[in-house]
$ cat start_14.pdb   # PDB, C-alpha atoms
ATOM      1  CA  MET A   9      -9.196  -2.443  -6.085
ATOM      2  CA  VAL A  10      -8.271  -3.653  -9.568
ATOM      3  CA  ARG A  11      -9.059  -7.171 -10.731
ATOM      4  CA  PRO A  12      -6.052  -8.391 -12.771
ATOM      5  CA  HIS A  13      -6.639 -10.571 -15.814
ATOM      6  CA  HIS A  14      -2.991 -10.745 -16.944
ATOM      7  CA  PHE A  15      -1.186 -10.928 -13.593
ATOM      8  CA  TRP A  16       2.433 -12.123 -13.622
ATOM      9  CA  PRO A  17       5.525 -11.349 -11.468
ATOM     10  CA  ASN A  18       6.880  -8.231 -13.135
ATOM     11  CA  ALA A  19      10.382  -8.621 -14.589
ATOM     12  CA  GLU A  20      10.861  -4.820 -14.601
ATOM     13  CA  THR A  21      10.402  -4.552 -10.814
ATOM     14  CA  ALA A  22      12.379  -7.656  -9.849
ATOM     15  CA  THR A  23      15.685  -5.752  -9.906
ATOM     16  CA  ASP A  24      15.111  -4.111  -6.512
ATOM     17  CA  ASN A  25      12.144  -5.992  -5.011
ATOM     18  CA  ALA A  26      13.573  -8.774  -2.857
ATOM     19  CA  PHE A  27      10.053  -9.832  -1.823
ATOM     20  CA  GLN A  28       9.253 -10.844  -5.390
ATOM     21  CA  ARG A  29       9.647 -14.437  -6.538
ATOM     22  CA  ALA A  30       9.389 -16.252  -9.820
ATOM     23  CA  ALA A  31       6.246 -18.072 -10.881
ATOM     24  CA  ASP A  32       5.912 -21.513  -9.344
ATOM     25  CA  GLY A  33       5.808 -23.647 -12.477
ATOM     26  CA  ARG A  34       2.238 -22.782 -13.434
ATOM     27  CA  LEU A  35       1.496 -21.464 -16.903
ATOM     28  CA  PRO A  36       0.830 -17.708 -17.260
ATOM     29  CA  ASP A  37      -2.901 -18.214 -17.807
ATOM     30  CA  GLU A  38      -3.136 -20.354 -14.665
ATOM     31  CA  VAL A  39      -1.292 -17.746 -12.597
ATOM     32  CA  ALA A  40      -3.490 -14.940 -13.943
ATOM     33  CA  ARG A  41      -6.690 -16.859 -13.195
ATOM     34  CA  ALA A  42      -5.528 -17.658  -9.665
ATOM     35  CA  ALA A  43      -4.645 -14.007  -8.962
ATOM     36  CA  CYS A  44      -7.996 -12.888 -10.355
ATOM     37  CA  LYS A  45      -9.852 -15.286  -8.049
ATOM     38  CA  GLU A  46      -7.798 -14.198  -5.023
ATOM     39  CA  MET A  47      -8.516 -10.523  -5.623
ATOM     40  CA  THR A  48     -12.233 -11.206  -6.214
ATOM     41  CA  ARG A  49     -12.531 -13.204  -2.997
ATOM     42  CA  ALA A  50     -10.629 -10.527  -1.041
ATOM     43  CA  ALA A  51     -13.025  -7.842  -2.285
ATOM     44  CA  GLU A  52     -16.030 -10.006  -1.362
ATOM     45  CA  ILE A  53     -14.729 -10.512   2.174
ATOM     46  CA  MET A  54     -14.122  -6.787   2.596
ATOM     47  CA  GLN A  55     -17.641  -6.051   1.386
ATOM     48  CA  ALA A  56     -19.058  -8.661   3.767
ATOM     49  CA  HIS A  57     -17.442  -6.691   6.604
ATOM     50  CA  GLY A  58     -19.150  -3.531   5.413
ATOM     51  CA  VAL A  59     -16.186  -1.971   3.623
ATOM     52  CA  ARG A  60     -17.195  -0.032   0.511
ATOM     53  CA  VAL A  61     -15.094  -1.422  -2.345
ATOM     54  CA  HIS A  62     -14.837  -0.028  -5.874
ATOM     55  CA  VAL A  63     -13.656  -2.781  -8.236
ATOM     56  CA  PHE A  64     -12.181  -2.030 -11.649
ATOM     57  CA  GLU A  65     -11.217  -4.542 -14.321
ATOM     58  CA  ASP A  66      -7.797  -4.544 -15.953
ATOM     59  CA  SER A  67      -7.716  -5.997 -19.454
ATOM     60  CA  SER A  68      -4.222  -4.920 -20.513
ATOM     61  CA  ASP A  69      -1.527  -7.552 -20.944
ATOM     62  CA  GLN A  70       1.085  -4.792 -20.475
ATOM     63  CA  THR A  71       0.299  -4.138 -16.777
ATOM     64  CA  PRO A  72       1.195  -7.253 -14.749
ATOM     65  CA  ASP A  73       1.128  -5.291 -11.440
ATOM     66  CA  SER A  74      -2.252  -3.614 -11.946
ATOM     67  CA  VAL A  75      -3.570  -5.342  -8.810
ATOM     68  CA  PHE A  76      -1.497  -2.836  -6.765
ATOM     69  CA  PRO A  77      -3.217   0.547  -7.432
ATOM     70  CA  ASN A  78      -2.017   2.170  -4.200
ATOM     71  CA  ASN A  79       1.313   2.935  -5.871
ATOM     72  CA  TRP A  80       0.013   5.242  -8.615
ATOM     73  CA  PHE A  81      -2.592   7.301  -6.764
ATOM     74  CA  SER A  82      -3.733   8.275  -3.284
ATOM     75  CA  THR A  83      -6.641  10.276  -1.885
ATOM     76  CA  HIS A  84      -6.659  12.713   1.029
ATOM     77  CA  PRO A  85      -9.241  14.441   3.238
ATOM     78  CA  GLY A  86     -10.402  17.794   1.971
ATOM     79  CA  GLY A  87     -10.867  16.550  -1.586
ATOM     80  CA  HIS A  88      -7.278  15.997  -2.695
ATOM     81  CA  VAL A  89      -5.935  13.307  -5.036
ATOM     82  CA  ALA A  90      -2.275  12.663  -5.893
ATOM     83  CA  ILE A  91      -0.950  10.806  -8.946
ATOM     84  CA  TYR A  92       2.587   9.487  -8.676
ATOM     85  CA  PRO A  93       5.707   8.951 -10.824
ATOM     86  CA  MET A  94       6.492   5.233 -11.136
ATOM     87  CA  PHE A  95       9.921   3.588 -11.271
ATOM     88  CA  ALA A  96       9.154   0.778 -13.747
ATOM     89  CA  ALA A  97       8.075   1.910 -17.215
ATOM     90  CA  ASN A  98       5.334  -0.701 -17.565
ATOM     91  CA  ARG A  99       3.837   0.321 -14.219
ATOM     92  CA  ARG A 100       3.204   3.812 -15.591
ATOM     93  CA  LEU A 101       0.600   2.230 -17.857
ATOM     94  CA  GLU A 102      -1.501   1.415 -14.767
ATOM     95  CA  ARG A 103      -2.624   5.041 -14.407
ATOM     96  CA  ARG A 104      -6.264   5.296 -15.481
ATOM     97  CA  THR A 105      -8.445   8.312 -16.082
ATOM     98  CA  ASP A 106     -11.620   6.260 -15.494
ATOM     99  CA  ILE A 107     -10.643   5.665 -11.867
ATOM    100  CA  ILE A 108      -9.987   9.371 -11.292
ATOM    101  CA  GLU A 109     -13.276  10.238 -13.002
ATOM    102  CA  MET A 110     -15.135   7.782 -10.765
ATOM    103  CA  LEU A 111     -13.651   9.480  -7.713
ATOM    104  CA  LYS A 112     -14.837  12.846  -9.013
ATOM    105  CA  ARG A 113     -18.368  11.496  -9.580
ATOM    106  CA  GLU A 114     -18.721   9.650  -6.292
ATOM    107  CA  TYR A 115     -16.743  11.901  -3.952
ATOM    108  CA  ARG A 116     -15.921  15.565  -3.426
ATOM    109  CA  VAL A 117     -12.626  16.099  -5.279
ATOM    110  CA  GLN A 118     -11.230  19.629  -5.169
ATOM    111  CA  GLU A 119      -7.888  19.035  -6.882
ATOM    112  CA  VAL A 120      -5.808  16.376  -8.581
ATOM    113  CA  VAL A 121      -2.057  16.892  -8.201
ATOM    114  CA  ASP A 122      -0.150  14.957 -10.856
ATOM    115  CA  TYR A 123       3.531  14.261 -10.166
ATOM    116  CA  SER A 124       3.966  11.833 -13.070
ATOM    117  CA  GLY A 125       5.751  14.550 -15.067
ATOM    118  CA  LEU A 126       8.787  13.925 -12.863
ATOM    119  CA  GLU A 127       9.419  10.556 -14.531
ATOM    120  CA  PRO A 128      11.532  11.865 -17.466
ATOM    121  CA  ASP A 129      13.905  13.340 -14.869
ATOM    122  CA  GLY A 130      14.224  10.009 -13.074
ATOM    123  CA  LEU A 131      12.342  11.211  -9.999
ATOM    124  CA  PHE A 132       9.984   8.583  -8.584
ATOM    125  CA  LEU A 133       7.619   8.364  -5.607
ATOM    126  CA  GLU A 134       5.416   5.289  -5.584
ATOM    127  CA  GLY A 135       2.487   6.483  -3.522
ATOM    128  CA  THR A 136       1.519   4.748  -0.304
ATOM    129  CA  GLY A 137       3.972   1.994  -1.101
ATOM    130  CA  ALA A 138       6.937   4.358  -0.907
ATOM    131  CA  MET A 139       5.349   6.340   1.943
ATOM    132  CA  VAL A 140       3.422   5.173   4.989
ATOM    133  CA  LEU A 141       1.359   8.178   5.992
ATOM    134  CA  ASP A 142       0.378   9.051   9.540
ATOM    135  CA  HIS A 143      -2.710  11.114   8.741
ATOM    136  CA  ILE A 144      -3.089  12.296  12.348
ATOM    137  CA  GLU A 145       0.488  13.342  13.141
ATOM    138  CA  ARG A 146       1.088  14.357   9.502
ATOM    139  CA  ILE A 147       4.269  12.320   9.097
ATOM    140  CA  ALA A 148       5.339  10.582   5.878
ATOM    141  CA  TYR A 149       7.528   7.643   6.926
ATOM    142  CA  THR A 150       9.705   6.825   3.921
ATOM    143  CA  VAL A 151      12.426   4.245   3.319
ATOM    144  CA  GLN A 152      15.249   5.447   1.068
ATOM    145  CA  SER A 153      15.023   3.559  -2.218
ATOM    146  CA  ASN A 154      14.796   3.846  -5.993
ATOM    147  CA  ARG A 155      11.039   4.246  -5.491
ATOM    148  CA  ALA A 156      11.209   7.369  -3.259
ATOM    149  CA  ASP A 157      13.247  10.249  -4.623
ATOM    150  CA  PRO A 158      13.877  13.000  -2.024
ATOM    151  CA  VAL A 159      12.912  15.782  -4.448
ATOM    152  CA  ALA A 160       9.562  14.148  -5.263
ATOM    153  CA  LEU A 161       8.988  13.400  -1.581
ATOM    154  CA  GLU A 162       9.661  17.020  -0.615
ATOM    155  CA  ARG A 163       7.208  18.262  -3.226
ATOM    156  CA  PHE A 164       4.484  15.924  -1.979
ATOM    157  CA  CYS A 165       5.085  16.771   1.681
ATOM    158  CA  SER A 166       5.127  20.515   1.022
ATOM    159  CA  HIS A 167       1.876  20.408  -0.920
ATOM    160  CA  PHE A 168      -0.024  17.981   1.307
ATOM    161  CA  GLY A 169       1.320  19.150   4.656
ATOM    162  CA  TYR A 170       3.375  16.165   5.845
ATOM    163  CA  GLU A 171       6.717  16.021   7.620
ATOM    164  CA  PRO A 172       9.077  13.606   5.842
ATOM    165  CA  MET A 173      10.630  10.990   8.130
ATOM    166  CA  VAL A 174      13.219   9.301   5.926
ATOM    167  CA  PHE A 175      15.319   6.303   6.975
ATOM    168  CA  ARG A 176      17.370   3.450   5.577
ATOM    169  CA  ALA A 177      16.098  -0.097   5.968
ATOM    170  CA  ASN A 178      17.653  -3.430   4.975
ATOM    171  CA  ASP A 179      16.544  -7.033   5.271
ATOM    172  CA  ALA A 180      18.496  -9.754   7.088
ATOM    173  CA  HIS A 181      20.754 -10.158   4.032
ATOM    174  CA  GLY A 182      21.556  -6.453   3.846
ATOM    175  CA  VAL A 183      19.321  -5.863   0.827
ATOM    176  CA  PRO A 184      17.603  -2.430   0.886
ATOM    177  CA  VAL A 185      13.842  -2.545   1.382
ATOM    178  CA  TYR A 186      12.071  -1.303  -1.742
ATOM    179  CA  HIS A 187       8.812   0.013  -0.213
ATOM    180  CA  THR A 188       8.055   1.345   3.246
ATOM    181  CA  ASN A 189       4.678  -0.375   3.434
ATOM    182  CA  VAL A 190       6.191  -3.857   3.528
ATOM    183  CA  LEU A 191       7.738  -3.107   6.920
ATOM    184  CA  MET A 192       5.278  -0.654   8.507
ATOM    185  CA  CYS A 193       1.531  -0.408   9.095
ATOM    186  CA  ILE A 194      -0.008   2.525  10.979
ATOM    187  CA  ALA A 195      -3.372   1.879  12.631
ATOM    188  CA  THR A 196      -5.451   4.028  14.963
ATOM    189  CA  ASP A 197      -4.086   2.544  18.187
ATOM    190  CA  PHE A 198      -0.840   0.843  17.176
ATOM    191  CA  VAL A 199       1.952   0.621  14.624
ATOM    192  CA  MET A 200       3.338  -2.667  13.316
ATOM    193  CA  ILE A 201       6.942  -2.184  12.218
ATOM    194  CA  GLY A 202      10.092  -4.158  11.468
ATOM    195  CA  LEU A 203      12.366  -2.149  13.748
ATOM    196  CA  ASP A 204      15.350  -4.447  13.218
ATOM    197  CA  MET A 205      15.408  -3.413   9.568
ATOM    198  CA  VAL A 206      15.941   0.279  10.382
ATOM    199  CA  SER A 207      19.694   0.659   9.849
ATOM    200  CA  ASP A 208      20.467   3.661  12.052
ATOM    201  CA  PRO A 209      19.881   2.983  15.786
ATOM    202  CA  ASN A 210      19.315   6.676  16.457
ATOM    203  CA  ARG A 211      16.714   6.889  13.715
ATOM    204  CA  ARG A 212      15.094   3.732  15.073
ATOM    205  CA  THR A 213      14.769   5.344  18.505
ATOM    206  CA  GLU A 214      13.384   8.513  16.965
ATOM    207  CA  ILE A 215      10.734   6.549  15.048
ATOM    208  CA  VAL A 216       9.635   4.727  18.198
ATOM    209  CA  GLU A 217       9.430   8.028  20.077
ATOM    210  CA  ARG A 218       7.279   9.561  17.342
ATOM    211  CA  ILE A 219       4.961   6.543  17.386
ATOM    212  CA  THR A 220       4.566   6.387  21.153
ATOM    213  CA  GLY A 221       4.309  10.172  21.312
ATOM    214  CA  SER A 222       1.207   9.913  19.130
ATOM    215  CA  GLY A 223      -0.426   7.709  21.764
ATOM    216  CA  ARG A 224       0.010   4.478  19.820
ATOM    217  CA  PHE A 225       1.782   1.332  20.991
ATOM    218  CA  VAL A 226       4.446  -0.461  18.951
ATOM    219  CA  ILE A 227       4.160  -4.042  17.733
ATOM    220  CA  ALA A 228       7.694  -4.976  16.714
ATOM    221  CA  LEU A 229       7.845  -7.417  13.804
ATOM    222  CA  SER A 230      10.798  -9.708  13.218
ATOM    223  CA  ASN A 231      12.615  -9.885   9.889
ATOM    224  CA  ALA A 232      10.997 -13.290   9.331
ATOM    225  CA  GLN A 233       7.532 -11.809   9.895
ATOM    226  CA  ILE A 234       8.260  -8.963   7.489
ATOM    227  CA  ALA A 235       9.275 -11.577   4.896
ATOM    228  CA  GLU A 236       5.816 -13.095   5.396
ATOM    229  CA  PHE A 237       4.217  -9.675   4.667
ATOM    230  CA  ALA A 238       3.100  -9.068   8.262
ATOM    231  CA  GLY A 239       3.903  -5.367   7.841
ATOM    232  CA  ASN A 240       1.812  -5.072   4.675
ATOM    233  CA  ALA A 241      -1.555  -4.685   6.394
ATOM    234  CA  ILE A 242      -4.191  -1.943   6.336
ATOM    235  CA  GLU A 243      -6.791  -0.696   8.783
ATOM    236  CA  LEU A 244     -10.239  -0.244   7.238
ATOM    237  CA  GLN A 245     -13.599   0.951   8.504
ATOM    238  CA  GLY A 246     -16.190  -1.817   8.434
ATOM    239  CA  ARG A 247     -19.881  -1.915   9.207
ATOM    240  CA  GLU A 248     -19.379  -2.853  12.842
ATOM    241  CA  GLY A 249     -16.078  -1.129  13.497
ATOM    242  CA  ARG A 250     -12.480  -1.077  12.369
ATOM    243  CA  ILE A 251     -10.745  -4.125  10.910
ATOM    244  CA  LEU A 252      -7.164  -4.995  10.002
ATOM    245  CA  ALA A 253      -6.900  -6.601   6.572
ATOM    246  CA  LEU A 254      -3.780  -8.698   6.044
ATOM    247  CA  SER A 255      -2.842 -11.837   4.172
ATOM    248  CA  ALA A 256      -3.375 -15.309   5.576
ATOM    249  CA  ARG A 257       0.381 -15.800   5.342
ATOM    250  CA  ALA A 258       0.987 -12.624   7.365
ATOM    251  CA  HIS A 259      -1.643 -13.604   9.931
ATOM    252  CA  ALA A 260      -0.063 -17.043  10.405
ATOM    253  CA  SER A 261       3.332 -15.430  11.095
ATOM    254  CA  LEU A 262       2.067 -13.364  14.033
ATOM    255  CA  THR A 263       2.537 -14.644  17.549
ATOM    256  CA  ALA A 264      -0.447 -15.321  19.791
ATOM    257  CA  GLU A 265       0.546 -12.308  21.886
ATOM    258  CA  GLN A 266       0.694 -10.028  18.835
ATOM    259  CA  ARG A 267      -2.712 -11.201  17.636
ATOM    260  CA  GLU A 268      -4.138 -10.568  21.092
ATOM    261  CA  LEU A 269      -2.710  -7.033  21.143
ATOM    262  CA  ILE A 270      -4.184  -6.274  17.723
ATOM    263  CA  ALA A 271      -7.528  -7.836  18.627
ATOM    264  CA  SER A 272      -7.764  -5.518  21.632
ATOM    265  CA  SER A 273      -8.102  -2.663  19.134
ATOM    266  CA  LEU A 274      -9.833  -4.152  16.082
ATOM    267  CA  ASP A 275     -10.724  -7.387  14.305
ATOM    268  CA  LEU A 276      -8.170  -9.210  12.189
ATOM    269  CA  VAL A 277      -9.371 -10.249   8.732
ATOM    270  CA  PRO A 278      -6.922 -12.591   6.955
ATOM    271  CA  LEU A 279      -7.159 -12.843   3.166
ATOM    272  CA  ASP A 280      -5.684 -15.685   1.129
ATOM    273  CA  VAL A 281      -3.576 -14.125  -1.667
ATOM    274  CA  PRO A 282      -0.537 -16.419  -2.177
ATOM    275  CA  THR A 283      -0.395 -15.983  -5.957
ATOM    276  CA  ILE A 284      -0.554 -12.195  -5.773
ATOM    277  CA  GLU A 285       2.218 -12.202  -3.157
ATOM    278  CA  MET A 286       4.577 -13.687  -5.760
ATOM    279  CA  ALA A 287       4.747 -10.165  -7.217
ATOM    280  CA  GLY A 288       6.348  -8.833  -4.029
ATOM    281  CA  GLY A 289       3.295  -7.102  -2.543
ATOM    282  CA  SER A 290       0.386  -8.173  -0.386
ATOM    283  CA  VAL A 291      -2.958  -6.983   0.955
ATOM    284  CA  ARG A 292      -1.971  -3.377   1.706
ATOM    285  CA  CYS A 293      -0.663  -2.928  -1.816
ATOM    286  CA  MET A 294      -3.943  -4.206  -3.274
ATOM    287  CA  MET A 295      -6.034  -1.420  -1.755
ATOM    288  CA  ALA A 296      -5.947   2.272  -2.611
ATOM    289  CA  GLY A 297      -7.774   3.903   0.293
ATOM    290  CA  VAL A 298     -10.511   6.483  -0.242
ATOM    291  CA  HIS A 299     -10.234   9.387   2.214
ATOM    292  CA  LEU A 300     -12.719  11.640   0.452
ATOM    293  CA  ALA A 301     -16.164  12.903   1.455
ATOM    294  CA  LYS A 302     -18.933  11.134  -0.431
ATOM    295  CA  ARG A 303     -21.184  13.222  -2.623
ATOM    296  CA  PRO A 304     -24.833  13.286  -1.539
ATOM    297  CA  ALA A 305     -27.166  11.094  -3.573
ATOM    298  CA  SER A 306     -28.882  12.966  -6.404
ATOM    299  CA  ALA A 307     -32.572  13.590  -5.991
ATOM    300  CA  SER A 308     -34.571  11.518  -8.464
TER     301      SER A 308
END

$ encode --input "start_14.pdb" --output "structure tokens"
Amino acid sequence: MVRPHHFWPNAETATDNAFQRAADGRLPDEVARAACKEMTRAAEIMQAHGVRVHVFEDSSDQTPDSVFPNNWFSTHPGGHVAIYPMFAANRRLERRTDIIEMLKREYRVQEVVDYSGLEPDGLFLEGTGAMVLDHIERIAYTVQSNRADPVALERFCSHFGYEPMVFRANDAHGVPVYHTNVLMCIATDFVMIGLDMVSDPNRRTEIVERITGSGRFVIALSNAQIAEFAGNAIELQGREGRILALSARAHASLTAEQRELIASSLDLVPLDVPTIEMAGGSVRCMMAGVHLAKRPASAS
């Protein structure tokens, strides 16, 4: 996770992110301080549940979206790290060698595959925002958008061994969804997804069949729930079992029945991040998962 000290809704990403909204009348310094406190508290809650969290500070005033590191890198079992090409020019400044070096020190990293060289050709693939990865079935669910070029997606899938499952998705106003992870969350036992947003009925059926075929059950989210970031959740391993981290706003939008279904599999952990959500992302976007084997402690 990255603690932002200059957070602000990013003007460069507002063109195709319908989840983003303008600042609410507060001054920039007030907004930045509020976002910093929200991220800090979220990290503390995760740590209290036994989740290992690496926190980095962002001091640049050129990276308003730095709190969302999952878009520029991802990690994969077997020691693999991917670095991604970003759509907005100022988001490319979020890539940091110190984070990659920390991963190499703390975990077994065999290779780092850097796709950022695709940016001059206008080919973008914004990590686990653009793709929601089923690590078990090896499927990369991907909404068609400016943030997920098919050439970049094919290169990633070929190298990392995923099958691309590409589909169109639009909100209730017909606006294309910018990132797959705002409408879909894959957990061990279930998948939360905004099925009504999937434009093609045949593709919608195919997605449901792939989900249920993996042994998971489907929790269908309404368009209104997706607008409240209910799809932007992430399953994490805690000290006493698995948890589902999601925003307080997302949690409040779920029905009692949906919460009961989720609770039958894992514990829900709501996090209060209303300022950060102004930027068009929520809890899932704030966390870049570590799927690497930890290095053994050095003998002293």

$ resolve_selection --input "start_14.pdb" --expression "the PyMOL selection byres ((chain A and resi 165) around 12)" --output "list in words"
Ala90, Leu133, Gly135, Met139, Leu141, Asp142, His143, Arg146, Ile147, Ala148, Tyr149, Thr150, Pro158, Val159, Ala160, Leu161, Glu162, Arg163, Phe164, Ser166, His167, Phe168, Gly169, Tyr170, Glu171, Pro172, Met173 and Val174 of chain A

$ resolve_selection --input "start_14.pdb" --expression "the PyMOL selection byres ((chain A and resi 51-60) around 12)" --output "VMD selection string"
chain A and resid 9 to 11 44 to 50 61 to 64 75 114 242 to 254 275 to 281 291 294 to 299 302

$ residues_around --input "start_14.pdb" --residues "A:Pro72" --least-positions-apart "2" --cutoff "8 Å" --atoms "all atoms listed in the file" --output "ChimeraX atom specification"
/A:12,14-18,69-70,74-75

$ resolve_selection --input "start_14.pdb" --expression "the PyMOL selection byres ((chain A and resi 234) around 12)" --output "ChimeraX atom specification"
/A:26-27,177-180,185,187-193,200-205,228-233,235-241,255,257-262,288-290

$ atom_distance --input "start_14.pdb" --atom1 "atom CA of A:Glu109" --atom2 "atom CA of A:Asp122"
14.1 Å

$ residues_around --input "start_14.pdb" --residues "A:Gly87" --least-positions-apart "2" --cutoff "12 Å" --atoms "only C-alpha atoms" --output "list of chain:residue names"
A:Ser82, A:Thr83, A:His84, A:Pro85, A:Val89, A:Ala90, A:Leu111, A:Lys112, A:Glu114, A:Tyr115, A:Arg116, A:Val117, A:Gln118, A:Glu119, A:Val120, A:Val121, A:Phe168, A:Val298, A:His299, A:Leu300, A:Ala301, A:Lys302, A:Arg303

$ axis_aligned_box --input "start_14.pdb" --around "stretch 160-167 of chain A" --padding-each-side "4 Å" --output "JSON"
{"center_x": 5.8, "center_y": 17.0, "center_z": -1.8, "size_x": 15.8, "size_y": 15.1, "size_z": 14.9}

$ closest_residue --input "start_14.pdb" --among "A:Cys293, A:Ala40, A:Ala264, A:Ala30" --to "A:Asn79" --atoms "all atoms listed in the file"
A:Cys293

$ residues_near_point --input "start_14.pdb" --point "(2.9, 11.5, -13.3)" --cutoff "12 Å" --atoms "all atoms listed in the file" --output "MDAnalysis selection string"
chainID A and resid 79:81 90:95 97 99:104 120:135 160
